[in-house]
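One structure is given below, encoded as structure tokens.
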Amino acid sequence: MKHERTSGNEFDFIDWVKTKLGKLPPEVLVGPGDDCAVIHYANDDQILLKTDSLLEGVHVQFSDPAKPGYATPEQAGYKVMARSISDVAAMGGVPCYATIATALPQGRGPAFREGLLAGLQRAAHAHNTFIIGGDTKSWSADDKLVLSVHLFGDMQGFHPVLRSGAREGDAIFVTGELGGSILGKHVSFAPRVGEGRWFASVHAHAMIDLSDGLSGDLLHICKASGVGALIEAEKLPVSKDALILEKRDGMSALEHALHDGEDFELLVCIAREKADEVQKTWPFATKLTRIGTVTEKAGGLRISHGGKKQPLPIKAYEHEL
């Protein structure tokens, strides 16, 4: 894609940035464009590097508990750390250390700052991750909170599962249930670290966590792998919250499951011949659902609904620049 200086979205910009970085050193095994960067380390181990940010007014709002996206400071801190951990999980890695950078609006008071730290620590401690440093700045009280996590992970002997490994014929699986995260899951989800490790152990071909919505994140895998996909609508694990939203906003529960962001479940492509065994030996209480098949690139992204196949619309959230 071409990056336009006066317009474009985050993905156009990332594609443009990659053309400007030049040749990366050989120890960088995976650069921009996947869930984490991967660097070769001593003794043939591989470390993961991830940066993620939370923006007040985009990812959370603090002003009105009755409006969508509301979070307490503690929930906001939890969310940004858990988001980063989820990206490490999507590579099959284990989170280890984090540094934090924040721009705090002046005048919010100590309870606000302490709540953010409490949430950061809650998510980190749940996954044996240590906060080891960071940077703190402040700006006008009229400005919004910016909170960033820089996370270091370790593959601990496994190979990272990339977005680019999907192959024609692979079975497509998803963990958990989809849609309606705005009703609360977006600040309370559990990163699927153990599940991601297990997928790496059974040599999954490709994996991504669902931050932008199923349709958008499936597109990322297909673009990176040079393939298409067919999703079976009737098999999608639609959440109760998606059904609640269907009654409120007129958008079907299926559409919420396909396009709502911030479910932070794992979308995984597994070799067709392993698919049945994966379902039989799945060792977690988390639901695992087979929802489709990887196809040839020429087929594009499609959905089968009521016996009819049609193009799958992509309605993922994008940051416009």
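Here, A, B, ... name the chains of the structure tokens in the order displayed, residue numbers run from 1 inside each chain, and ligands are numbered from 1 in the same displayed order.
Omitting Gln75 (chain A) and its sequence neighbours fewer than 5 positions away, and counting only C-alpha atoms, the residues within 10 Å are Val60, Tyr70, Val80, Gly115, Leu116, Leu117, Ala118, Gly119, Leu120, Arg122, Ala123, His186, Val187 and Ser188 of chain A.
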For this session: Pull the strand (DSSP E or B) assignments for region 76-253 of chain A out of DSSP run on the backbone, and list those residues as a ChimeraX atom specification.
Result: /A:94-105,130-139,146-154,171-175,178,206-209,228-232,238
Problem set entry | Which of A:Thr295, A:Ser138, A:Ser84, A:Gln121 sits closest to Pro191 (chain A) [using only C-alpha atoms] |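 Between A:Thr295, A:Ser138, A:Ser84, A:Gln121, the residue approaching Pro191 (chain A) most closely is A:Ser84.
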Problem set entry | Nearest-residue call for Ile47 (chain A), choices A:Leu151, A:Ala141, A:Val174, A:Ile85, using only C-alpha atoms | A:Leu151
Need to verify the contact set: Asp170 (chain A), 8 Å, only C-alpha atoms, exclusion of same-chain residues closer than 4 positions in sequence. Can you return it as a tab-separated table (two decimals) with C-alpha atoms, in the first residue's frame?
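Final file, out-v2.tsv:
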```
chain	number	residue	atom	x	y	z
A	166	ALA	CA	-1.01	-20.31	7.13
A	269	CYS	CA	-4.44	-22.03	11.68
A	270	ILE	CA	-3.65	-25.74	12.16
A	271	ALA	CA	-2.67	-28.35	9.59
A	272	ARG	CA	-5.80	-30.13	8.37
A	293	THR	CA	-10.69	-23.36	6.36
A	294	VAL	CA	-7.72	-21.64	4.74
A	295	THR	CA	-8.20	-21.50	0.96
```
For this session: Take CA of Leu178 (chain A) and CA of Asp209 (chain A) and report the distance between them in Å, one decimal.
Result: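 CA of Leu178 (chain A) sits 12.0 Å away from CA of Asp209 (chain A).
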For this session: Excluding Leu288 (chain A) and residues on its chain fewer than 2 positions from it, collect all residues at most 12 Å away from it, counting only C-alpha atoms, and give them as a ChimeraX atom specification.
Result: /A:172-178,192,195,199,235-237,265-268,275-276,278-286,290-291
Exercise. So which residues of region 93-213 of chain A fall under helix (DSSP H, G or I) by DSSP, listed as a PyMOL selection string?
Worked result: chain A and resi 110-126+163-165+181-183+185-187+193-201
Go ahead and save the residues from that selection, with N, CA and C atoms, as a short mmCIF file (atom, residue, chain, number, x, y, z; two decimals), in the first residue's frame.
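Written output follows (again36.cif):
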```cif
data_model
loop_
_atom_site.label_atom_id
_atom_site.label_comp_id
_atom_site.auth_asym_id
_atom_site.auth_seq_id
_atom_site.Cartn_x
_atom_site.Cartn_y
_atom_site.Cartn_z
N PRO A 110 -3.63 11.64 43.19
CA PRO A 110 -2.87 10.40 43.45
C PRO A 110 -3.69 9.13 43.25
N ALA A 111 -4.98 9.17 43.53
CA ALA A 111 -5.80 7.95 43.38
C ALA A 111 -5.81 7.48 41.93
N PHE A 112 -5.80 8.43 40.99
CA PHE A 112 -5.79 8.08 39.58
C PHE A 112 -4.49 7.36 39.23
N ARG A 113 -3.36 7.95 39.64
CA ARG A 113 -2.05 7.35 39.34
C ARG A 113 -1.90 5.99 40.01
N GLU A 114 -2.32 5.93 41.25
CA GLU A 114 -2.18 4.67 41.99
C GLU A 114 -3.07 3.58 41.40
N GLY A 115 -4.24 3.96 40.89
CA GLY A 115 -5.11 2.99 40.24
C GLY A 115 -4.49 2.41 38.98
N LEU A 116 -3.88 3.28 38.18
CA LEU A 116 -3.21 2.81 36.97
C LEU A 116 -2.14 1.77 37.32
N LEU A 117 -1.30 2.08 38.32
CA LEU A 117 -0.23 1.15 38.69
C LEU A 117 -0.80 -0.16 39.23
N ALA A 118 -1.86 -0.06 40.03
CA ALA A 118 -2.46 -1.28 40.57
C ALA A 118 -2.94 -2.20 39.45
N GLY A 119 -3.54 -1.63 38.40
CA GLY A 119 -4.00 -2.44 37.28
C GLY A 119 -2.86 -3.03 36.48
N LEU A 120 -1.83 -2.22 36.25
CA LEU A 120 -0.64 -2.72 35.56
C LEU A 120 -0.05 -3.91 36.32
N GLN A 121 0.07 -3.77 37.62
CA GLN A 121 0.65 -4.84 38.43
C GLN A 121 -0.24 -6.07 38.46
N ARG A 122 -1.55 -5.87 38.52
CA ARG A 122 -2.47 -7.03 38.56
C ARG A 122 -2.30 -7.90 37.32
N ALA A 123 -2.26 -7.27 36.15
CA ALA A 123 -2.09 -8.04 34.91
C ALA A 123 -0.70 -8.67 34.84
N ALA A 124 0.31 -7.90 35.24
CA ALA A 124 1.68 -8.42 35.19
C ALA A 124 1.86 -9.61 36.12
N HIS A 125 1.42 -9.46 37.37
CA HIS A 125 1.62 -10.52 38.36
C HIS A 125 0.87 -11.79 37.98
N ALA A 126 -0.26 -11.66 37.30
CA ALA A 126 -1.02 -12.84 36.89
C ALA A 126 -0.24 -13.71 35.92
N ARG A 163 2.19 -14.77 11.83
CA ARG A 163 0.98 -14.57 11.03
C ARG A 163 1.15 -15.15 9.62
N SER A 164 2.37 -15.36 9.21
CA SER A 164 2.67 -15.64 7.80
C SER A 164 2.75 -17.12 7.45
N GLY A 165 2.38 -18.02 8.35
CA GLY A 165 2.59 -19.44 8.09
C GLY A 165 1.37 -20.22 7.66
N SER A 181 -17.44 -7.10 23.35
CA SER A 181 -16.47 -6.86 24.43
C SER A 181 -16.63 -5.49 25.07
N ILE A 182 -17.25 -4.55 24.36
CA ILE A 182 -17.42 -3.20 24.88
C ILE A 182 -18.26 -3.19 26.16
N LEU A 183 -19.03 -4.26 26.39
CA LEU A 183 -19.86 -4.34 27.59
C LEU A 183 -19.05 -4.72 28.84
N LYS A 185 -15.77 -7.00 28.66
CA LYS A 185 -14.63 -7.90 28.44
C LYS A 185 -13.36 -7.15 28.05
N HIS A 186 -13.51 -6.00 27.41
CA HIS A 186 -12.34 -5.27 26.93
C HIS A 186 -11.43 -4.79 28.06
N VAL A 187 -11.94 -4.77 29.30
CA VAL A 187 -11.10 -4.39 30.43
C VAL A 187 -10.94 -5.53 31.44
N VAL A 193 -2.21 -16.97 27.44
CA VAL A 193 -0.79 -17.33 27.40
C VAL A 193 -0.60 -18.85 27.36
N GLY A 194 -1.26 -19.56 28.25
CA GLY A 194 -1.11 -21.02 28.26
C GLY A 194 -1.58 -21.64 26.96
N GLU A 195 -2.69 -21.14 26.45
CA GLU A 195 -3.22 -21.67 25.19
C GLU A 195 -2.26 -21.39 24.04
N GLY A 196 -1.68 -20.19 24.02
CA GLY A 196 -0.71 -19.87 22.97
C GLY A 196 0.50 -20.76 23.02
N ARG A 197 0.99 -21.05 24.23
CA ARG A 197 2.13 -21.97 24.37
C ARG A 197 1.77 -23.35 23.83
N TRP A 198 0.55 -23.79 24.12
CA TRP A 198 0.14 -25.11 23.65
C TRP A 198 0.07 -25.15 22.13
N PHE A 199 -0.45 -24.09 21.52
CA PHE A 199 -0.50 -24.05 20.05
C PHE A 199 0.90 -24.08 19.46
N ALA A 200 1.84 -23.40 20.10
CA ALA A 200 3.23 -23.46 19.62
C ALA A 200 3.77 -24.88 19.74
N SER A 201 3.39 -25.58 20.81
CA SER A 201 3.91 -26.94 21.04
C SER A 201 3.39 -27.93 20.02
#
```
For this session: Could you tell me how far CA of Leu254 (chain A) lies from CA of Gly306 (chain A), in Å and to one decimal?
Result: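 CA of Leu254 (chain A) sits 12.5 Å away from CA of Gly306 (chain A).
Considering the residues A:Gly153, A:Gly299, A:Gly184, A:Pro73 and counting only C-alpha atoms, Cys222 (chain A) has its shortest atom-to-atom contact with A:Gly299.
Nearest to Val58 (chain A) of all the residues A:Val146, A:Ile231, A:Leu301, A:Leu321 is A:Val146, based on only C-alpha atoms.
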For this session: Identify which of the residues A:Ala224, A:Ala229, A:Ala298, A:Ile314 lies closest to Asp212 (chain A), counting only C-alpha atoms when measuring atom-to-atom distances.
Result: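 For Asp212 (chain A), the nearest of the candidates is A:Ile314.
Atom pair CA of His259 (chain A) / CA of Glu232 (chain A) has a distance of 14.7 Å (rounded to one decimal).
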